[in-house]
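First up is the structure itself, then whatever we jot down about it.
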Amino acid sequence: MPETANAPPARTPAPRPAGTAARFLRRIPFTTAVVLLILVVGVATGSLWTPISDRTWFSSAAYGLPSLFENAWWTPVTGSLLAMSPVFYVPVLASFALFVGYTEWRLGSGRTALICVVGQLVAVFASAGTLLALRFNSWLWAESLEGERDAGFSAGALACITVATAAMRPPWRLRIRAGLCVYVIVSFLFVGSLADLEHLWAVALALPLGRRLVGTPATAGADRRRSLSRREWRLLGATGMALIGAAEVVLLAYSAHGPLGGVGGAKASVGGVVVDVLVIGLILDGLRKGRRWAWWCGVALGVLNVCAALAISVAALSGAEGTAIASAAGVLWLAELALLGTGRHAFRAPSRRRLGKRMRAEKTDREVVRDLLARHGGGSLSWMATWPGKSHFHTDDGDSVVAYERHTGVALALGDPIGPPDRRGAAVSAFAAMCEHTGTVPCFFSVTAKTAALAAALGWQHVRVADDTVIDLDGLEFRGKKWQDVRSALNRATKEGISYREVALAEEPWAIKAKARAISQEWVGDKGLPEMGFTLGGIDEALDPAVRVGLAVDGDGSVHGITSWLPVFAVGGTVRGWTLDVTRRRNDGFRPVSEFLIASACLSFQAQGAEFVSLSGAPLARADTAEQPPAVERLLDSLGAVMEPHYGFRSLHAFKSKFSPRYEPLFLAYRDDGDLPRIGIALTKAYLPEAGMRDLMKLAGGRGS
């Protein structure tokens with residue numbers, strides 16, 4: 001079943017690269033004007049070649065708590081146009097041009113100027129207020145900063161880029177935000193200068209206001225909360241561990257005076273740092289790959305460091321040294337432990353030995369399934385039995401197999417049994433007997449009417465849960481009024497230079513695979529809940545050489561959308577049809593790309609002699625029926641209504657009507673009504689294997705949204 005083919009939302013046009021440098025600069029007038037003004041002020045004051053701290057007018061131009069005590073209220077403005085040292089002009093101007101320029105390009109000049117100026121002023125005054133509040137508490141760090149003055153526009157630039165992250169596409173939104181948070185926290189803990197305090201305030205205040213300041217037009221659907229993918233959790237865990245190791249190494253040679261006291265240099269424990277770095281080096285790749293053993297090692301190392309920091313802090317009460325670096329490192333390790341604990345579900349990949357053993361077993365089962373499909377044929381969903389993660393029940397004669405997943409004590413069989421049609425009833429009966437023997441609740445999900453009838457012969461019940469949408473290819477022509485939208489998509493693609501490529505994704509160059517994964521990651525990132533599974537595949541499943549992938553590619557080689565098609569076998573091994581699985585599109589790409597890809601695939605498969613294509617069934621969505629549904633159907637309708645705002649199953653079902661399909665009902669077959677509560681929980685776990693309680697609560701609250 002495809003993950004999404006919803007009618008695409010109106011896209012927000014991405015800014016086009018300017019043809020000349022002049023046009024580019026005119027697009028960012030505020031950034032250009034401020035950079036030029038800083039350079040002019042630097043030349044006029046000589047600060048481009050002489051540190052301003054050596055000038056007699058330094059105290060009248062730089063900002064800080066002393067300047068406010070002296071009623072020099074203009075210093076937050078004058079100081080923002082200077083830099084403390086000539087060497088600082090390079091990072092100040094470069095960061096301002098990059099951060100503020102990007103923000104102005106995305107959000108416009110007026111909003112960017114407001115964010116930049118207000119962010120700079122608020123950060124300067126908030127820092128001064130912080131030091132004023134801590135003035136008489138004997139904190140050495142605060143006392144050392146009371147007399148300091150600073151210069152530069154860096155806080156305003158950081159405020160701009162922090163706000164602009166709300167307009168970025170996943171996964172870059174999360175990555176840039178994580179990088180900003182790590183930078184300001186680490187620099188504050190281990191350096192703790194006045195500028196670091198200002199940067200901390202700028203990011204801390206701008207981050208929660210980002211969505212409000214950016215507004216709906218700029219986010220274009222990216223303003224919903226999202227859950228992190230397993231890959232992102234792994235990257236965050238590994239990156240955090242690497243940064244801690246790097247920070248500890250730097251502090252061996254560099255001493256600073258952070259808010260927790262003097263850190264680094266002679267006070268750093270060389271032995272402890274060496275042990276930490278060695279262990280981090282050994283487990284880093286394992287964390288990146290999601291290995292469970294690496295996760296346990298990381299947790300153990302973090303616990304040891306936190307405990308050591310607590311012990312040293314307690315010992316400091318009796319006058320021991322080395323408290324500052326231990327406390328600062330302890331804070332970072334505590335944050336890393338929180339990160340690893342929250343994302344623990346992403347670190348379940350087995351060891352290489354266990355993975356190899358499992359893959360060999362799964363490969364054997366998948367080979368059996370493919371052999372049975374080639375001999376006896378299958379239905380629209382049968383190829384999903386070959387996907388990793390599926391368990392397989394084989395009948396005693398070895399001529400039939402049932403693919404299923406086990407969740408919360410329920411065996412969810414997917415689709416019809418694969419094997420001889422005249423032995424299907426025996427396969428259903430044998431699967432039910434196996435479940436009875438193991439104390440598992442059996443059920444069949446998304447089976448055809450024939451299999452539902454065979455289950456009924458065993459005394460089971462069944463309910464309609466979806467409709468397979470089938471397009472017959474014999475004589476298909478996109479003519480007439482009912483095909484208006486499809487024809488428009490094809491014609492518009494021709495005008496805009498969009499072409500259709502049908503490929504085996506596994507055989508494509510690395511660049512094409514990377515673009516496909518990027519589009520997929522963007523789609524996952526814009527969802528309010530984790531990526532789904534069970535009957536919904538992804539890029540990994542699309543890499544199977546037997547699967548066909550459709551690409552919408554423009555003249556520059558950019559991929560605007562992807563579809564994947566699963567083979568449907570006839571008796572004897574010939575492919576008689578194709579089932580749509582993945583449909584994903586770029587948010588800023590060709591708008592009717594879904595219609596274009598599906599229509600192009602229909603024409604391509606028709607030319608190859610296929611009988612039909614199946615657009616598959618949207619879970620918990622079906623064609624309208626006149627009769628009043630029974631209680632169990634009303635229950636499933638309620639579940640579908642709850643999930644609709646997040647996953648759009650019914651919108652997807654409505655989208656498929658553009659292709660005038662015929663509907664073939666799919667059923668859930670179960671023993672009795674007493675099994676339904678557990679089956680409902682099992683289906684939720686199957687479709688949302690990574691969902692936690694918070695995600696399920698979002699589902700429950702989504703019905704009213």
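Residue numbers start at 1 in each chain; chains themselves are named A, B, ... in the order of the structure tokens; ligands are numbered from 1 in the order shown.
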(request) List the neighbours of range 591-596 of chain A out to 7 Å using only C-alpha atoms; skip same-chain residues closer than 2 positions along the sequence, and give me the result as a ChimeraX atom specification. (result) /A:5,8,486,489-490,561,583,585,589,598-600
Take the residues from that selection and put them in a file with all heavy atoms, as a PDB file, in the first residue's frame.
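Saved file result21.pdb follows:
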ATOM      1  N   ALA A   5      -0.169   9.424  -1.649  1.00  0.00           N
ATOM      2  CA  ALA A   5      -0.350   9.933  -2.998  1.00  0.00           C
ATOM      3  C   ALA A   5      -1.345  11.061  -2.948  1.00  0.00           C
ATOM      4  O   ALA A   5      -2.075  11.307  -3.870  1.00  0.00           O
ATOM      5  CB  ALA A   5      -0.816   8.823  -3.933  1.00  0.00           C
ATOM      6  N   PRO A   8      -1.125  16.904  -3.979  1.00  0.00           N
ATOM      7  CA  PRO A   8      -0.059  17.687  -3.370  1.00  0.00           C
ATOM      8  C   PRO A   8      -0.515  19.084  -3.014  1.00  0.00           C
ATOM      9  O   PRO A   8      -1.314  19.683  -3.721  1.00  0.00           O
ATOM     10  CB  PRO A   8       1.028  17.724  -4.447  1.00  0.00           C
ATOM     11  CG  PRO A   8       0.491  17.052  -5.638  1.00  0.00           C
ATOM     12  CD  PRO A   8      -0.884  16.558  -5.348  1.00  0.00           C
ATOM     13  N   VAL A 486      -5.498  13.941 -15.134  1.00  0.00           N
ATOM     14  CA  VAL A 486      -4.350  13.125 -15.521  1.00  0.00           C
ATOM     15  C   VAL A 486      -3.716  13.678 -16.791  1.00  0.00           C
ATOM     16  O   VAL A 486      -2.489  13.795 -16.888  1.00  0.00           O
ATOM     17  CB  VAL A 486      -4.776  11.659 -15.710  1.00  0.00           C
ATOM     18  CG1 VAL A 486      -3.605  10.822 -16.216  1.00  0.00           C
ATOM     19  CG2 VAL A 486      -5.312  11.097 -14.402  1.00  0.00           C
ATOM     20  N   ALA A 489      -1.723  16.779 -16.085  1.00  0.00           N
ATOM     21  CA  ALA A 489      -0.424  16.495 -15.475  1.00  0.00           C
ATOM     22  C   ALA A 489       0.587  16.063 -16.527  1.00  0.00           C
ATOM     23  O   ALA A 489       1.749  16.497 -16.516  1.00  0.00           O
ATOM     24  CB  ALA A 489      -0.575  15.421 -14.401  1.00  0.00           C
ATOM     25  N   LEU A 490       0.177  15.200 -17.455  1.00  0.00           N
ATOM     26  CA  LEU A 490       1.078  14.737 -18.510  1.00  0.00           C
ATOM     27  C   LEU A 490       1.495  15.883 -19.428  1.00  0.00           C
ATOM     28  O   LEU A 490       2.671  16.014 -19.792  1.00  0.00           O
ATOM     29  CB  LEU A 490       0.407  13.624 -19.312  1.00  0.00           C
ATOM     30  CG  LEU A 490       0.172  12.295 -18.575  1.00  0.00           C
ATOM     31  CD1 LEU A 490      -0.686  11.359 -19.424  1.00  0.00           C
ATOM     32  CD2 LEU A 490       1.506  11.629 -18.254  1.00  0.00           C
ATOM     33  N   GLY A 561      10.048  13.375  -7.964  1.00  0.00           N
ATOM     34  CA  GLY A 561       9.167  12.424  -7.297  1.00  0.00           C
ATOM     35  C   GLY A 561       9.555  11.004  -7.648  1.00  0.00           C
ATOM     36  O   GLY A 561      10.267  10.762  -8.632  1.00  0.00           O
ATOM     37  N   THR A 583       4.924   6.331  -3.017  1.00  0.00           N
ATOM     38  CA  THR A 583       4.726   7.531  -3.833  1.00  0.00           C
ATOM     39  C   THR A 583       5.168   8.717  -3.000  1.00  0.00           C
ATOM     40  O   THR A 583       4.513   9.056  -2.021  1.00  0.00           O
ATOM     41  CB  THR A 583       3.252   7.716  -4.240  1.00  0.00           C
ATOM     42  OG1 THR A 583       2.804   6.559  -4.918  1.00  0.00           O
ATOM     43  CG2 THR A 583       3.101   8.917  -5.153  1.00  0.00           C
ATOM     44  N   ARG A 585       7.155  12.773  -3.080  1.00  0.00           N
ATOM     45  CA  ARG A 585       7.435  13.920  -3.931  1.00  0.00           C
ATOM     46  C   ARG A 585       8.209  14.972  -3.152  1.00  0.00           C
ATOM     47  O   ARG A 585       8.145  15.018  -1.919  1.00  0.00           O
ATOM     48  CB  ARG A 585       6.135  14.542  -4.445  1.00  0.00           C
ATOM     49  CG  ARG A 585       5.232  15.052  -3.327  1.00  0.00           C
ATOM     50  CD  ARG A 585       3.890  15.554  -3.848  1.00  0.00           C
ATOM     51  NE  ARG A 585       4.046  16.685  -4.694  1.00  0.00           N
ATOM     52  CZ  ARG A 585       4.176  17.945  -4.272  1.00  0.00           C
ATOM     53  NH1 ARG A 585       4.197  18.195  -2.980  1.00  0.00           N
ATOM     54  NH2 ARG A 585       4.296  18.938  -5.114  1.00  0.00           N
ATOM     55  N   GLY A 589       8.930  20.693  -5.625  1.00  0.00           N
ATOM     56  CA  GLY A 589       9.107  20.183  -6.978  1.00  0.00           C
ATOM     57  C   GLY A 589       7.878  20.356  -7.852  1.00  0.00           C
ATOM     58  O   GLY A 589       6.961  21.127  -7.551  1.00  0.00           O
ATOM     59  N   ILE A 598       2.087   8.111 -11.888  1.00  0.00           N
ATOM     60  CA  ILE A 598       1.174   6.963 -11.975  1.00  0.00           C
ATOM     61  C   ILE A 598       0.681   6.778 -13.406  1.00  0.00           C
ATOM     62  O   ILE A 598       0.644   5.651 -13.929  1.00  0.00           O
ATOM     63  CB  ILE A 598       0.001   7.147 -11.001  1.00  0.00           C
ATOM     64  CG1 ILE A 598       0.510   7.081  -9.557  1.00  0.00           C
ATOM     65  CG2 ILE A 598      -1.074   6.088 -11.231  1.00  0.00           C
ATOM     66  CD1 ILE A 598      -0.537   7.399  -8.510  1.00  0.00           C
ATOM     67  N   ALA A 599       0.303   7.874 -14.066  1.00  0.00           N
ATOM     68  CA  ALA A 599      -0.171   7.766 -15.448  1.00  0.00           C
ATOM     69  C   ALA A 599       0.934   7.256 -16.367  1.00  0.00           C
ATOM     70  O   ALA A 599       0.693   6.397 -17.233  1.00  0.00           O
ATOM     71  CB  ALA A 599      -0.679   9.125 -15.922  1.00  0.00           C
ATOM     72  N   SER A 600       2.145   7.754 -16.194  1.00  0.00           N
ATOM     73  CA  SER A 600       3.264   7.304 -17.025  1.00  0.00           C
ATOM     74  C   SER A 600       3.548   5.825 -16.795  1.00  0.00           C
ATOM     75  O   SER A 600       3.858   5.083 -17.742  1.00  0.00           O
ATOM     76  CB  SER A 600       4.512   8.139 -16.716  1.00  0.00           C
ATOM     77  OG  SER A 600       4.301   9.504 -16.996  1.00  0.00           O
TER      78      SER A 600
END
(request) May I have the residues within 10 Å of Phe605 in chain A as number ranges by chain, using only C-alpha atoms and disregarding those fewer than 5 positions away in the same chain? (result) A: 473, 502, 576-578, 600, 610-613
Mind dumping the selected residues with N, CA, C and O atoms as a compact mmCIF listing (two decimals), in the first residue's frame?
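Once everything was written out, this is selection.txt:
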# COMPACT_ATOMS: atom_id res chain seq x y z
N LEU A 473 -5.53 -2.30 -17.75
CA LEU A 473 -4.71 -1.63 -18.76
C LEU A 473 -5.15 -1.92 -20.19
O LEU A 473 -4.75 -1.20 -21.11
N GLU A 502 11.80 4.68 -15.89
CA GLU A 502 11.47 3.46 -15.15
C GLU A 502 12.75 2.66 -14.96
O GLU A 502 13.40 2.28 -15.94
N ARG A 576 1.96 -10.37 -14.31
CA ARG A 576 0.69 -9.98 -14.94
C ARG A 576 0.22 -8.59 -14.50
O ARG A 576 -0.71 -8.04 -15.09
N GLY A 577 0.85 -8.05 -13.47
CA GLY A 577 0.43 -6.73 -13.00
C GLY A 577 1.46 -6.14 -12.05
O GLY A 577 2.46 -6.78 -11.70
N TRP A 578 1.19 -4.91 -11.63
CA TRP A 578 2.11 -4.21 -10.73
C TRP A 578 1.30 -3.49 -9.66
O TRP A 578 0.24 -2.93 -9.94
N SER A 600 2.14 7.75 -16.19
CA SER A 600 3.26 7.30 -17.03
C SER A 600 3.55 5.82 -16.80
O SER A 600 3.86 5.08 -17.74
N ALA A 610 1.37 -5.89 -19.46
CA ALA A 610 0.74 -6.15 -18.17
C ALA A 610 -0.78 -6.01 -18.29
O ALA A 610 -1.29 -5.25 -19.12
N GLU A 611 -1.50 -6.75 -17.43
CA GLU A 611 -2.96 -6.74 -17.47
C GLU A 611 -3.55 -5.60 -16.66
O GLU A 611 -4.60 -5.05 -17.01
N PHE A 612 -2.91 -5.25 -15.56
CA PHE A 612 -3.48 -4.25 -14.66
C PHE A 612 -2.38 -3.64 -13.80
O PHE A 612 -1.27 -4.18 -13.70
N VAL A 613 -2.71 -2.52 -13.19
CA VAL A 613 -1.92 -2.01 -12.09
C VAL A 613 -2.87 -1.82 -10.91
O VAL A 613 -4.04 -1.47 -11.07
(message) Ranking A:Trp49, A:Ala466, A:Val275, A:Ala142 by minimum distance to Thr130 in chain A and counting only C-alpha atoms, which one comes first?
(response) A:Ala142
(request) Write out as a ChimeraX atom specification all residues of range 300-473 of chain A that backbone DSSP assigns to strand (DSSP E). (result) /A:391-394,401-407,410-414,441-447,461-472
For the residues in the current selection, export C-alpha atoms as a CSV table (one decimal), in the first residue's frame.
chain,number,residue,atom,x,y,z
A,391,SER,CA,7.8,-14.1,9.6
A,392,HIS,CA,6.7,-17.1,7.5
A,393,PHE,CA,4.5,-20.1,8.5
A,394,HIS,CA,5.0,-23.1,6.2
A,401,VAL,CA,3.2,-20.2,3.2
A,402,VAL,CA,1.6,-17.5,5.3
A,403,ALA,CA,3.5,-14.2,5.9
A,404,TYR,CA,2.7,-12.6,9.2
A,405,GLU,CA,4.0,-10.3,12.0
A,406,ARG,CA,3.6,-10.9,15.7
A,407,HIS,CA,2.6,-8.0,17.9
A,410,VAL,CA,-1.4,-11.4,17.9
A,411,ALA,CA,-0.2,-13.0,14.7
A,412,LEU,CA,-1.2,-10.6,11.9
A,413,ALA,CA,-1.2,-12.6,8.6
A,414,LEU,CA,-0.9,-10.2,5.7
A,441,VAL,CA,-4.4,-14.7,18.5
A,442,PRO,CA,-4.7,-15.4,14.8
A,443,CYS,CA,-6.1,-13.0,12.2
A,444,PHE,CA,-5.8,-12.3,8.5
A,445,PHE,CA,-5.5,-8.7,7.3
A,446,SER,CA,-6.3,-7.4,3.8
A,447,VAL,CA,-7.4,-10.7,2.4
A,461,GLN,CA,-16.0,-13.5,11.1
A,462,HIS,CA,-14.7,-10.9,8.7
A,463,VAL,CA,-15.1,-7.1,8.2
A,464,ARG,CA,-14.2,-5.0,5.2
A,465,VAL,CA,-11.2,-2.8,6.0
A,466,ALA,CA,-10.0,-1.4,2.7
A,467,ASP,CA,-10.5,-1.5,-1.1
A,468,ASP,CA,-7.9,-2.5,-3.6
A,469,THR,CA,-8.0,0.0,-6.4
A,470,VAL,CA,-7.3,-1.7,-9.8
A,471,ILE,CA,-6.8,0.0,-13.2
A,472,ASP,CA,-7.3,-2.4,-16.1
(message) Need the shell around Glu104 in chain A: protein/DNA/RNA residues with any atom at most 12 Å away, counting only C-alpha atoms. Skip same-chain ones fewer than 3 positions apart. Format as number ranges by chain?
(response) A: 15, 24-32, 96-101, 107-116, 157, 160-161, 163-164, 167, 214, 218
(message) Report, in Å to a single decimal, how far apart CA of Asp371 in chain A and CA of Gly538 in chain A are.
(response) 23.4 Å
(request) From the DSSP assignment of the backbone, select every residue of range 433-628 of chain A that is alpha helix (DSSP H), and format the answer as number ranges by chain. (result) A: 433-438, 449-456, 484-495, 510-525, 539-542, 593-607
(request) Determine, counting only C-alpha atoms, which protein, DNA and RNA residues have an atom within 9 Å of an atom of Leu81 in chain A; residues of the same chain fewer than 6 positions away are not included. Present the result as a PyMOL selection string. (result) chain A and resi 34-35+37-39+41-42+151-153
Closest pair table for range 36-154 of chain A residues within 8 Å of range 193-209 of chain A, only C-alpha atoms, as JSON lines:
{"residue": "A:Gly119", "atom": "CA", "partner": "A:Ala202", "partner_atom": "CA", "distance": 6.1}
{"residue": "A:Gln120", "atom": "CA", "partner": "A:Ala202", "partner_atom": "CA", "distance": 7.3}
{"residue": "A:Val122", "atom": "CA", "partner": "A:Ala202", "partner_atom": "CA", "distance": 7.6}
{"residue": "A:Ala123", "atom": "CA", "partner": "A:Glu198", "partner_atom": "CA", "distance": 5.1}
{"residue": "A:Val124", "atom": "CA", "partner": "A:Glu198", "partner_atom": "CA", "distance": 6.0}
{"residue": "A:Ala126", "atom": "CA", "partner": "A:Trp201", "partner_atom": "CA", "distance": 7.0}
{"residue": "A:Ser127", "atom": "CA", "partner": "A:Glu198", "partner_atom": "CA", "distance": 5.7}
{"residue": "A:Leu145", "atom": "CA", "partner": "A:Leu194", "partner_atom": "CA", "distance": 6.4}
{"residue": "A:Glu148", "atom": "CA", "partner": "A:Leu194", "partner_atom": "CA", "distance": 7.2}
{"residue": "A:Arg149", "atom": "CA", "partner": "A:Leu194", "partner_atom": "CA", "distance": 7.7}
{"residue": "A:Asp150", "atom": "CA", "partner": "A:Ala195", "partner_atom": "CA", "distance": 6.8}
{"residue": "A:Ser154", "atom": "CA", "partner": "A:His199", "partner_atom": "CA", "distance": 7.4}
For N, CA and C atoms, I'd like the residues from the last selection saved as a JSON list (two decimals), in the first residue's frame.
[["chain", "number", "residue", "atom", "x", "y", "z"],
["A", 119, "GLY", "N", 17.01, 40.78, 18.08],
["A", 119, "GLY", "CA", 17.75, 39.68, 18.66],
["A", 119, "GLY", "C", 19.07, 40.12, 19.26],
["A", 120, "GLN", "N", 19.77, 41.01, 18.56],
["A", 120, "GLN", "CA", 21.05, 41.52, 19.06],
["A", 120, "GLN", "C", 20.83, 42.32, 20.35],
["A", 122, "VAL", "N", 18.25, 42.33, 22.48],
["A", 122, "VAL", "CA", 17.73, 41.51, 23.58],
["A", 122, "VAL", "C", 18.85, 40.66, 24.18],
["A", 123, "ALA", "N", 19.70, 40.07, 23.32],
["A", 123, "ALA", "CA", 20.80, 39.24, 23.83],
["A", 123, "ALA", "C", 21.78, 40.07, 24.65],
["A", 124, "VAL", "N", 22.09, 41.30, 24.19],
["A", 124, "VAL", "CA", 23.02, 42.17, 24.91],
["A", 124, "VAL", "C", 22.45, 42.57, 26.27],
["A", 126, "ALA", "N", 19.93, 41.12, 27.91],
["A", 126, "ALA", "CA", 19.69, 39.94, 28.75],
["A", 126, "ALA", "C", 20.98, 39.48, 29.41],
["A", 127, "SER", "N", 22.09, 39.55, 28.68],
["A", 127, "SER", "CA", 23.39, 39.17, 29.26],
["A", 127, "SER", "C", 23.79, 40.13, 30.37],
["A", 145, "LEU", "N", 33.22, 38.67, 34.57],
["A", 145, "LEU", "CA", 32.57, 39.25, 33.38],
["A", 145, "LEU", "C", 31.95, 40.61, 33.66],
["A", 148, "GLU", "N", 33.74, 43.33, 31.83],
["A", 148, "GLU", "CA", 34.07, 43.10, 30.41],
["A", 148, "GLU", "C", 33.13, 43.87, 29.49],
["A", 149, "ARG", "N", 33.70, 44.25, 28.35],
["A", 149, "ARG", "CA", 32.91, 44.85, 27.27],
["A", 149, "ARG", "C", 33.09, 44.00, 26.02],
["A", 150, "ASP", "N", 32.11, 44.05, 25.12],
["A", 150, "ASP", "CA", 32.15, 43.22, 23.91],
["A", 150, "ASP", "C", 31.72, 44.04, 22.71],
["A", 154, "SER", "N", 27.30, 39.27, 16.27],
["A", 154, "SER", "CA", 27.14, 37.82, 16.17],
["A", 154, "SER", "C", 25.85, 37.32, 16.81]]
(request) Grab the CA of Pro66 in chain A to CA of Ser187 in chain A distance for me, in Å with one decimal place. (result) 23.1 Å
(request) Would you mind telling me which residue in A:Ala385, A:Ile519, A:Met84, A:Leu666 lies nearest to Thr448 in chain A when using only C-alpha atoms? (result)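 Closest to Thr448 in chain A of all the choices is A:Leu666.
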(message) Quick check, in Å to one decimal: how far apart do CA of Gly64 in chain A and CA of Gly192 in chain A lie?
(response)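 Atom-to-atom, CA of Gly64 in chain A to CA of Gly192 in chain A, that is 14.7 Å.
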(message) With only C-alpha atoms as the counted atoms, please give the residues lying no more than 12 Å from Leu282 in chain A, apart from itself and same-chain residues fewer than 6 positions off, as a PyMOL selection string.
(response) chain A and resi 238+241-242+245+275-276+288+293-295+297-298+301
Got time to write the residues from that selection, all heavy atoms, as a short mmCIF file (atom, residue, chain, number, x, y, z; two decimals), in the first residue's frame?
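Output saved as out04.cif:
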data_model
loop_
_atom_site.label_atom_id
_atom_site.label_comp_id
_atom_site.auth_asym_id
_atom_site.auth_seq_id
_atom_site.Cartn_x
_atom_site.Cartn_y
_atom_site.Cartn_z
N ALA A 238 25.67 9.49 17.86
CA ALA A 238 27.08 9.38 17.47
C ALA A 238 27.76 10.74 17.44
O ALA A 238 28.91 10.90 17.89
CB ALA A 238 27.20 8.69 16.12
N MET A 241 28.48 11.99 20.98
CA MET A 241 29.61 11.28 21.57
C MET A 241 30.92 11.79 21.00
O MET A 241 31.90 12.00 21.72
CB MET A 241 29.45 9.79 21.30
CG MET A 241 30.34 8.90 22.14
SD MET A 241 29.82 8.79 23.86
CE MET A 241 28.35 7.79 23.72
N ALA A 242 30.96 12.01 19.69
CA ALA A 242 32.19 12.50 19.06
C ALA A 242 32.55 13.90 19.55
O ALA A 242 33.73 14.22 19.78
CB ALA A 242 32.02 12.50 17.53
N GLY A 245 34.13 13.76 23.01
CA GLY A 245 35.52 13.33 22.91
C GLY A 245 36.42 14.44 22.40
O GLY A 245 37.53 14.66 22.93
N VAL A 275 41.00 7.30 28.17
CA VAL A 275 40.04 6.19 28.24
C VAL A 275 38.76 6.55 27.50
O VAL A 275 38.22 5.76 26.70
CB VAL A 275 39.75 5.83 29.70
CG1 VAL A 275 38.59 4.83 29.78
CG2 VAL A 275 40.98 5.23 30.36
N ASP A 276 38.25 7.76 27.76
CA ASP A 276 37.02 8.18 27.09
C ASP A 276 37.18 8.18 25.57
O ASP A 276 36.32 7.68 24.83
CB ASP A 276 36.63 9.59 27.55
CG ASP A 276 36.00 9.58 28.93
OD1 ASP A 276 35.70 8.48 29.43
OD2 ASP A 276 35.80 10.67 29.50
N ARG A 288 26.53 4.81 15.06
CA ARG A 288 26.02 5.31 13.77
C ARG A 288 25.16 4.27 13.07
O ARG A 288 24.18 4.59 12.40
CB ARG A 288 27.20 5.72 12.88
CG ARG A 288 26.80 6.31 11.54
CD ARG A 288 28.02 6.62 10.71
NE ARG A 288 28.76 5.42 10.35
CZ ARG A 288 28.45 4.63 9.32
NH1 ARG A 288 27.41 4.90 8.56
NH2 ARG A 288 29.17 3.56 9.06
N TRP A 293 24.94 -3.20 21.12
CA TRP A 293 26.10 -3.29 22.01
C TRP A 293 26.77 -1.93 22.17
O TRP A 293 27.27 -1.59 23.25
CB TRP A 293 27.10 -4.33 21.48
CG TRP A 293 27.75 -3.97 20.17
CD1 TRP A 293 27.36 -4.35 18.93
CD2 TRP A 293 28.92 -3.14 19.98
NE1 TRP A 293 28.19 -3.82 17.97
CE2 TRP A 293 29.16 -3.07 18.59
CE3 TRP A 293 29.76 -2.46 20.85
CZ2 TRP A 293 30.22 -2.36 18.05
CZ3 TRP A 293 30.82 -1.74 20.31
CH2 TRP A 293 31.04 -1.70 18.92
N ALA A 294 26.82 -1.16 21.06
CA ALA A 294 27.43 0.17 21.12
C ALA A 294 26.61 1.10 22.01
O ALA A 294 27.16 1.93 22.74
CB ALA A 294 27.58 0.75 19.71
N TRP A 295 25.29 0.96 21.94
CA TRP A 295 24.41 1.76 22.79
C TRP A 295 24.68 1.46 24.26
O TRP A 295 24.81 2.37 25.09
CB TRP A 295 22.96 1.48 22.44
CG TRP A 295 21.96 2.30 23.21
CD1 TRP A 295 21.50 3.54 22.90
CD2 TRP A 295 21.31 1.92 24.43
NE1 TRP A 295 20.60 3.97 23.83
CE2 TRP A 295 20.46 3.00 24.79
CE3 TRP A 295 21.35 0.80 25.24
CZ2 TRP A 295 19.67 2.96 25.93
CZ3 TRP A 295 20.56 0.76 26.38
CH2 TRP A 295 19.73 1.83 26.72
N CYS A 297 27.43 0.25 25.59
CA CYS A 297 28.75 0.78 25.94
C CYS A 297 28.70 2.29 26.15
O CYS A 297 29.32 2.83 27.08
CB CYS A 297 29.77 0.44 24.85
SG CYS A 297 30.19 -1.32 24.76
N GLY A 298 27.97 3.00 25.28
CA GLY A 298 27.83 4.45 25.42
C GLY A 298 27.13 4.83 26.71
O GLY A 298 27.53 5.78 27.39
N LEU A 301 29.56 4.18 29.61
CA LEU A 301 30.59 5.22 29.67
C LEU A 301 30.01 6.52 30.21
O LEU A 301 30.65 7.22 31.02
CB LEU A 301 31.18 5.45 28.28
CG LEU A 301 32.36 6.42 28.18
CD1 LEU A 301 33.54 5.91 29.00
CD2 LEU A 301 32.77 6.62 26.72
#
